[in-house]
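> Before I ask anything, here is the structure I am working with.
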Amino acid sequence: TGAIVGNFVLVARRSGLDRGFESWTEQLPARIGVPPHDAPQRTADSITDGALALLGLGPPAADGAGPRDPALAGAAPWFLYLHYMDPHGAYAPPAEYERAPAAPELVAPWVEPTALHRLRVAEYNVAPDARLFDGGFDAALVRARYDGEVRYVDHELGRLFAALDQAGQLDETLVIVTSDHGESLGEHLYYFEHGLYTYEATVGVPLIVRPPASFEATPGRRPLDLSLADVAPTVLELLELPGLELDPASPGGRACAAAWRDATDDRAPVYSVKTERADLDGTVQLRAVRRGDWKLVHGLAARTVDGRTEWVRVREELSQEGDRGRAD
């Protein structure tokens, strides 16, 4: 078992995620940090290099980050967890992955608020050349750089999979690509961040599954409503391994291997919550549930009464958000 992480919030002293891994790498050598606090990270090319070194399919990363020992070379079976930090702020892909936008999209700083939202911009993710003299910005240029980061990671994943294929291991490997969050690129007047709301722009993430060649599965898009909590129990079911032992009072995800295999229509409620600083007086916590195209969002504010925290509903929103967030 091996893991390479590129995000500072996943280092062992913060997350405890190193438990159970025989090889754990958390070196973060990148010079461009993660805003707004310039936190260290590891770029996608370095993570792929590290994965290939761990598998014995390539030399160690050129930037000196580990691992240097091919601990998984020749191991069967092996498990590898890679946490790519890109695409993420700062939006600064390598130049070869940038594409100029077809046309500018100028956003003025005096955009009128709606009944539920006001203009919110993560200024630290707006590069100087995307800023306008009046305090506005070119949203198309910033989005183009985010798209460049997506292309960059796509290329690095392709390089990893090509090496596995050349080594004759890809058809024996269960590959899963997913994400911990999306990015709001202007939806609901929220630009270039992901921590504020529970809309599909940020909670709808890709899920790409490539099973081993021996699995009987129909290729294509799955009409599923899934939670990330469903991934682990489904993987265990697919591999015919024992399920997770969970506290009955805190149920986890559901195993849905049959739907993954057969592309059956399987829709269930999907829950999401925004909890950051939710225990402070007046802070709004968002709880959302989506079923099909419809999403219900509750906004709850914390209020301390006689030393106890109570929750007061301050907003309720029912919306139809379409196909965004459904699993592929």
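How things are named: the first chain in the structure tokens is A, the next is B, and so on; residues count from 1 in each chain; ligands count from 1 in the order shown.
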Got a sec: who's within 9 Å of segment 90-102 of chain A, counting only C-alpha atoms, leaving out chain neighbours fewer than 2 positions off, as a ChimeraX atom specification?

/A:32-36,86-88,104,124-127,140-152

> The selected residues should be written to file as a PDB file, in the first residue's frame (atoms: N, CA and C atoms).


```
ATOM      1  N   ILE A  32       5.254  27.512  -6.002  1.00  0.00           N
ATOM      2  CA  ILE A  32       4.009  28.278  -6.028  1.00  0.00           C
ATOM      3  C   ILE A  32       3.068  27.671  -4.994  1.00  0.00           C
ATOM      4  N   GLY A  33       2.736  28.450  -3.950  1.00  0.00           N
ATOM      5  CA  GLY A  33       1.907  27.937  -2.881  1.00  0.00           C
ATOM      6  C   GLY A  33       0.427  28.111  -3.160  1.00  0.00           C
ATOM      7  N   VAL A  34      -0.363  27.540  -2.266  1.00  0.00           N
ATOM      8  CA  VAL A  34      -1.823  27.596  -2.385  1.00  0.00           C
ATOM      9  C   VAL A  34      -2.322  28.841  -1.655  1.00  0.00           C
ATOM     10  N   PRO A  35      -3.052  29.722  -2.354  1.00  0.00           N
ATOM     11  CA  PRO A  35      -3.566  30.916  -1.694  1.00  0.00           C
ATOM     12  C   PRO A  35      -4.751  30.567  -0.782  1.00  0.00           C
ATOM     13  N   PRO A  36      -5.119  31.410   0.148  1.00  0.00           N
ATOM     14  CA  PRO A  36      -4.546  32.752   0.357  1.00  0.00           C
ATOM     15  C   PRO A  36      -3.346  32.785   1.281  1.00  0.00           C
ATOM     16  N   ASP A  86      -3.674  19.875  -8.183  1.00  0.00           N
ATOM     17  CA  ASP A  86      -4.251  20.561  -9.341  1.00  0.00           C
ATOM     18  C   ASP A  86      -5.475  19.755  -9.809  1.00  0.00           C
ATOM     19  N   PRO A  87      -6.508  20.419 -10.357  1.00  0.00           N
ATOM     20  CA  PRO A  87      -6.702  21.858 -10.528  1.00  0.00           C
ATOM     21  C   PRO A  87      -7.160  22.519  -9.230  1.00  0.00           C
ATOM     22  N   HIS A  88      -6.523  23.642  -8.916  1.00  0.00           N
ATOM     23  CA  HIS A  88      -6.776  24.322  -7.654  1.00  0.00           C
ATOM     24  C   HIS A  88      -6.099  25.678  -7.735  1.00  0.00           C
ATOM     25  N   PRO A 104     -13.559  37.969 -24.026  1.00  0.00           N
ATOM     26  CA  PRO A 104     -13.534  38.352 -22.609  1.00  0.00           C
ATOM     27  C   PRO A 104     -14.933  38.336 -21.995  1.00  0.00           C
ATOM     28  N   TYR A 124      -7.412  36.484  -4.566  1.00  0.00           N
ATOM     29  CA  TYR A 124      -6.089  35.866  -4.660  1.00  0.00           C
ATOM     30  C   TYR A 124      -5.984  34.885  -5.825  1.00  0.00           C
ATOM     31  N   ASN A 125      -7.112  34.474  -6.399  1.00  0.00           N
ATOM     32  CA  ASN A 125      -7.081  33.603  -7.571  1.00  0.00           C
ATOM     33  C   ASN A 125      -7.278  34.373  -8.878  1.00  0.00           C
ATOM     34  N   VAL A 126      -7.291  35.684  -8.821  1.00  0.00           N
ATOM     35  CA  VAL A 126      -7.401  36.526 -10.012  1.00  0.00           C
ATOM     36  C   VAL A 126      -6.012  37.081 -10.321  1.00  0.00           C
ATOM     37  N   ALA A 127      -5.416  36.605 -11.402  1.00  0.00           N
ATOM     38  CA  ALA A 127      -4.065  37.043 -11.761  1.00  0.00           C
ATOM     39  C   ALA A 127      -4.064  38.519 -12.145  1.00  0.00           C
ATOM     40  N   ALA A 140     -13.487  35.295 -18.020  1.00  0.00           N
ATOM     41  CA  ALA A 140     -13.149  34.299 -19.036  1.00  0.00           C
ATOM     42  C   ALA A 140     -11.669  33.933 -18.972  1.00  0.00           C
ATOM     43  N   LEU A 141     -10.815  34.913 -18.729  1.00  0.00           N
ATOM     44  CA  LEU A 141      -9.381  34.647 -18.659  1.00  0.00           C
ATOM     45  C   LEU A 141      -9.040  33.788 -17.440  1.00  0.00           C
ATOM     46  N   VAL A 142      -9.683  34.082 -16.317  1.00  0.00           N
ATOM     47  CA  VAL A 142      -9.421  33.290 -15.111  1.00  0.00           C
ATOM     48  C   VAL A 142      -9.918  31.857 -15.308  1.00  0.00           C
ATOM     49  N   ARG A 143     -11.116  31.700 -15.884  1.00  0.00           N
ATOM     50  CA  ARG A 143     -11.636  30.345 -16.137  1.00  0.00           C
ATOM     51  C   ARG A 143     -10.726  29.582 -17.096  1.00  0.00           C
ATOM     52  N   ALA A 144     -10.173  30.262 -18.083  1.00  0.00           N
ATOM     53  CA  ALA A 144      -9.296  29.608 -19.048  1.00  0.00           C
ATOM     54  C   ALA A 144      -8.069  29.018 -18.344  1.00  0.00           C
ATOM     55  N   ARG A 145      -7.595  29.701 -17.331  1.00  0.00           N
ATOM     56  CA  ARG A 145      -6.432  29.187 -16.600  1.00  0.00           C
ATOM     57  C   ARG A 145      -6.828  27.989 -15.731  1.00  0.00           C
ATOM     58  N   TYR A 146      -8.031  28.035 -15.181  1.00  0.00           N
ATOM     59  CA  TYR A 146      -8.516  26.856 -14.455  1.00  0.00           C
ATOM     60  C   TYR A 146      -8.632  25.671 -15.412  1.00  0.00           C
ATOM     61  N   ASP A 147      -9.174  25.910 -16.605  1.00  0.00           N
ATOM     62  CA  ASP A 147      -9.269  24.846 -17.608  1.00  0.00           C
ATOM     63  C   ASP A 147      -7.887  24.305 -17.960  1.00  0.00           C
ATOM     64  N   GLY A 148      -6.897  25.202 -17.994  1.00  0.00           N
ATOM     65  CA  GLY A 148      -5.533  24.757 -18.260  1.00  0.00           C
ATOM     66  C   GLY A 148      -5.025  23.811 -17.191  1.00  0.00           C
ATOM     67  N   GLU A 149      -5.386  24.049 -15.956  1.00  0.00           N
ATOM     68  CA  GLU A 149      -4.998  23.134 -14.887  1.00  0.00           C
ATOM     69  C   GLU A 149      -5.671  21.771 -15.050  1.00  0.00           C
ATOM     70  N   VAL A 150      -6.917  21.771 -15.510  1.00  0.00           N
ATOM     71  CA  VAL A 150      -7.600  20.505 -15.786  1.00  0.00           C
ATOM     72  C   VAL A 150      -6.862  19.736 -16.876  1.00  0.00           C
ATOM     73  N   ARG A 151      -6.474  20.433 -17.961  1.00  0.00           N
ATOM     74  CA  ARG A 151      -5.723  19.768 -19.044  1.00  0.00           C
ATOM     75  C   ARG A 151      -4.395  19.211 -18.538  1.00  0.00           C
ATOM     76  N   TYR A 152      -3.752  19.970 -17.671  1.00  0.00           N
ATOM     77  CA  TYR A 152      -2.463  19.559 -17.110  1.00  0.00           C
ATOM     78  C   TYR A 152      -2.599  18.252 -16.335  1.00  0.00           C
TER      79      TYR A 152
END
```

> Can you tell me which residues surround Leu170 of chain A at a distance of at most 9 Å, considering only C-alpha atoms, apart from same-chain residues fewer than 6 positions away, and format the answer as a list in words?

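Contacts, with the query itself left out: Phe161, Ala162, Ala163, Leu164, Pro212 and Ala213 of chain A.
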
> Would you list the contacts of Met85 of chain A as a JSON list (two decimals) with N, CA and C atoms, in the first residue's frame, taking every protein, DNA or RNA residue within 9 Å and counting only C-alpha atoms, but skipping same-chain residues closer than 2 positions in sequence?


```json
[["chain", "number", "residue", "atom", "x", "y", "z"],
["A", 5, "VAL", "N", 0.65, 12.42, -1.45],
["A", 5, "VAL", "CA", -0.30, 13.52, -1.35],
["A", 5, "VAL", "C", 0.37, 14.83, -1.72],
["A", 6, "GLY", "N", -0.41, 15.71, -2.37],
["A", 6, "GLY", "CA", 0.11, 16.99, -2.80],
["A", 6, "GLY", "C", -0.50, 18.16, -2.08],
["A", 7, "ASN", "N", -1.35, 17.91, -1.07],
["A", 7, "ASN", "CA", -2.10, 18.95, -0.39],
["A", 7, "ASN", "C", -1.67, 19.01, 1.07],
["A", 41, "GLN", "N", 2.58, 22.85, -1.62],
["A", 41, "GLN", "CA", 1.87, 21.82, -2.37],
["A", 41, "GLN", "C", 2.87, 21.02, -3.19],
["A", 42, "ARG", "N", 2.36, 20.06, -3.93],
["A", 42, "ARG", "CA", 3.16, 19.28, -4.88],
["A", 42, "ARG", "C", 2.40, 19.25, -6.19],
["A", 43, "THR", "N", 3.08, 19.54, -7.28],
["A", 43, "THR", "CA", 2.41, 19.65, -8.57],
["A", 43, "THR", "C", 2.17, 18.28, -9.20],
["A", 44, "ALA", "N", 1.31, 18.27, -10.21],
["A", 44, "ALA", "CA", 0.85, 17.01, -10.80],
["A", 44, "ALA", "C", 1.98, 16.22, -11.45],
["A", 83, "HIS", "N", -3.15, 11.87, -4.40],
["A", 83, "HIS", "CA", -3.98, 13.06, -4.24],
["A", 83, "HIS", "C", -3.33, 14.20, -5.01],
["A", 87, "PRO", "N", -6.51, 20.42, -10.36],
["A", 87, "PRO", "CA", -6.70, 21.86, -10.53],
["A", 87, "PRO", "C", -7.16, 22.52, -9.23],
["A", 88, "HIS", "N", -6.52, 23.64, -8.92],
["A", 88, "HIS", "CA", -6.78, 24.32, -7.65],
["A", 88, "HIS", "C", -6.10, 25.68, -7.74]]
```

> Using only C-alpha atoms, find each residue of segment 169-199 of chain A with at least one atom at most 10 Å away from an atom of segment 215-223 of chain A; report its shortest atom-to-atom pair and that distance in Å (one decimal), sort the rows by chain and rising residue number, and return the result as a Markdown table.


```
| residue | atom | partner | partner_atom | distance |
| --- | --- | --- | --- | --- |
| A:Asp171 | CA | A:Phe215 | CA | 9.8 |
| A:Glu172 | CA | A:Phe215 | CA | 9.6 |
| A:Leu174 | CA | A:Phe215 | CA | 9.5 |
```

> Would you save the residues of that selection, restricted to N, CA, C and O atoms, as a compact mmCIF listing (two decimals), in the first residue's frame?


```txt
# COMPACT_ATOMS: atom_id res chain seq x y z
N ASP A 171 -4.69 -3.46 -17.35
CA ASP A 171 -5.87 -4.31 -17.47
C ASP A 171 -6.10 -5.17 -16.24
O ASP A 171 -7.12 -5.86 -16.14
N GLU A 172 -5.16 -5.14 -15.29
CA GLU A 172 -5.33 -5.87 -14.04
C GLU A 172 -5.63 -4.93 -12.87
O GLU A 172 -5.63 -5.35 -11.72
N LEU A 174 -7.93 -1.81 -11.00
CA LEU A 174 -9.15 -1.02 -10.85
C LEU A 174 -8.73 0.43 -10.64
O LEU A 174 -8.06 0.76 -9.66
```

> Using only C-alpha atoms, which residue out of A:Leu82, A:Val273, A:Leu72, A:Leu228 lies closest to Arg254 of chain A?

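Using only C-alpha atoms, the shortest distance to Arg254 of chain A belongs to A:Leu228.
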
> Excluding Gly20 of chain A and its own-chain neighbours fewer than 2 positions away, which residues fall within 8 Å of it when counting only C-alpha atoms? Please give them as JSON, numbers by chain.

{"A": [1, 18, 22]}

> Please save all heavy atoms of the selected residues as a PDB file, in the first residue's frame.


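The resulting file, part-v2.pdb, is reproduced below:
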```
ATOM      1  N   THR A   1       0.840  -1.184   0.000  1.00  0.00           N
ATOM      2  CA  THR A   1       0.000   0.000   0.000  1.00  0.00           C
ATOM      3  C   THR A   1       0.876   1.235   0.000  1.00  0.00           C
ATOM      4  O   THR A   1       1.836   1.331   0.760  1.00  0.00           O
ATOM      5  CB  THR A   1      -0.909   0.034   1.240  1.00  0.00           C
ATOM      6  OG1 THR A   1      -0.082  -0.047   2.422  1.00  0.00           O
ATOM      7  CG2 THR A   1      -1.882  -1.122   1.223  1.00  0.00           C
ATOM      8  N   ASP A  18      -2.206   8.629   7.176  1.00  0.00           N
ATOM      9  CA  ASP A  18      -1.085   7.725   6.912  1.00  0.00           C
ATOM     10  C   ASP A  18      -1.277   6.357   7.554  1.00  0.00           C
ATOM     11  O   ASP A  18      -0.552   5.406   7.233  1.00  0.00           O
ATOM     12  CB  ASP A  18       0.218   8.340   7.417  1.00  0.00           C
ATOM     13  CG  ASP A  18       0.196   8.602   8.919  1.00  0.00           C
ATOM     14  OD1 ASP A  18      -0.859   9.034   9.426  1.00  0.00           O
ATOM     15  OD2 ASP A  18       1.220   8.378   9.582  1.00  0.00           O
ATOM     16  N   GLU A  22       1.977   1.365   4.027  1.00  0.00           N
ATOM     17  CA  GLU A  22       3.376   0.951   4.185  1.00  0.00           C
ATOM     18  C   GLU A  22       4.325   1.996   3.613  1.00  0.00           C
ATOM     19  O   GLU A  22       5.443   2.151   4.086  1.00  0.00           O
ATOM     20  CB  GLU A  22       3.583  -0.401   3.496  1.00  0.00           C
ATOM     21  CG  GLU A  22       2.789  -1.503   4.155  1.00  0.00           C
ATOM     22  CD  GLU A  22       2.619  -2.719   3.266  1.00  0.00           C
ATOM     23  OE1 GLU A  22       2.092  -2.585   2.150  1.00  0.00           O
ATOM     24  OE2 GLU A  22       3.022  -3.810   3.701  1.00  0.00           O
TER      25      GLU A  22
END
```

> Between A:Glu105, A:Glu310, A:Asp129, A:Glu156, which residue has the minimum interatomic distance to Ser46 of chain A, considering only C-alpha atoms?

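Ranked by minimum distance to Ser46 of chain A, first place goes to A:Glu156.
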
> Can you work out which one of A:Gly253, A:Gly299, A:Gly2, A:Pro242 has the shortest atom-to-atom distance to Leu196 of chain A, counting only C-alpha atoms?

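The closest residue to Leu196 of chain A is A:Gly299.
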
> Using only C-alpha atoms, find the one residue out of A:Pro248, A:Asp225, A:Gly243, A:Gly135 that sits nearest to Arg267 of chain A.

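Between A:Pro248, A:Asp225, A:Gly243, A:Gly135, the residue approaching Arg267 of chain A most closely is A:Asp225.
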
> Show me, as a list in words, the residues that have an atom within 9 Å of Ala288 of chain A when counting only C-alpha atoms, minus same-chain residues fewer than 5 positions from it.

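Non-adjacent residues within range: Thr198, Tyr199, Val270, Tyr271, Ser272, Val273, Lys274, Lys295, Leu296, Val297, His298 and Gly299 of chain A.
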
> Within segment 151-314 of chain A, find each residue whose DSSP state, derived from the backbone, is strand (DSSP E or B), and express the selection as number ranges by chain.

A: 175-178, 184-185, 190-193, 207-210, 224, 266, 270-274, 284-291, 294-305, 308-314

> Can you work out which one of A:Leu116, A:Val209, A:Leu160, A:Leu80 has the shortest atom-to-atom distance to Ser23 of chain A, counting only C-alpha atoms?

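Among A:Leu116, A:Val209, A:Leu160, A:Leu80, it is A:Leu80 that comes nearest to Ser23 of chain A.
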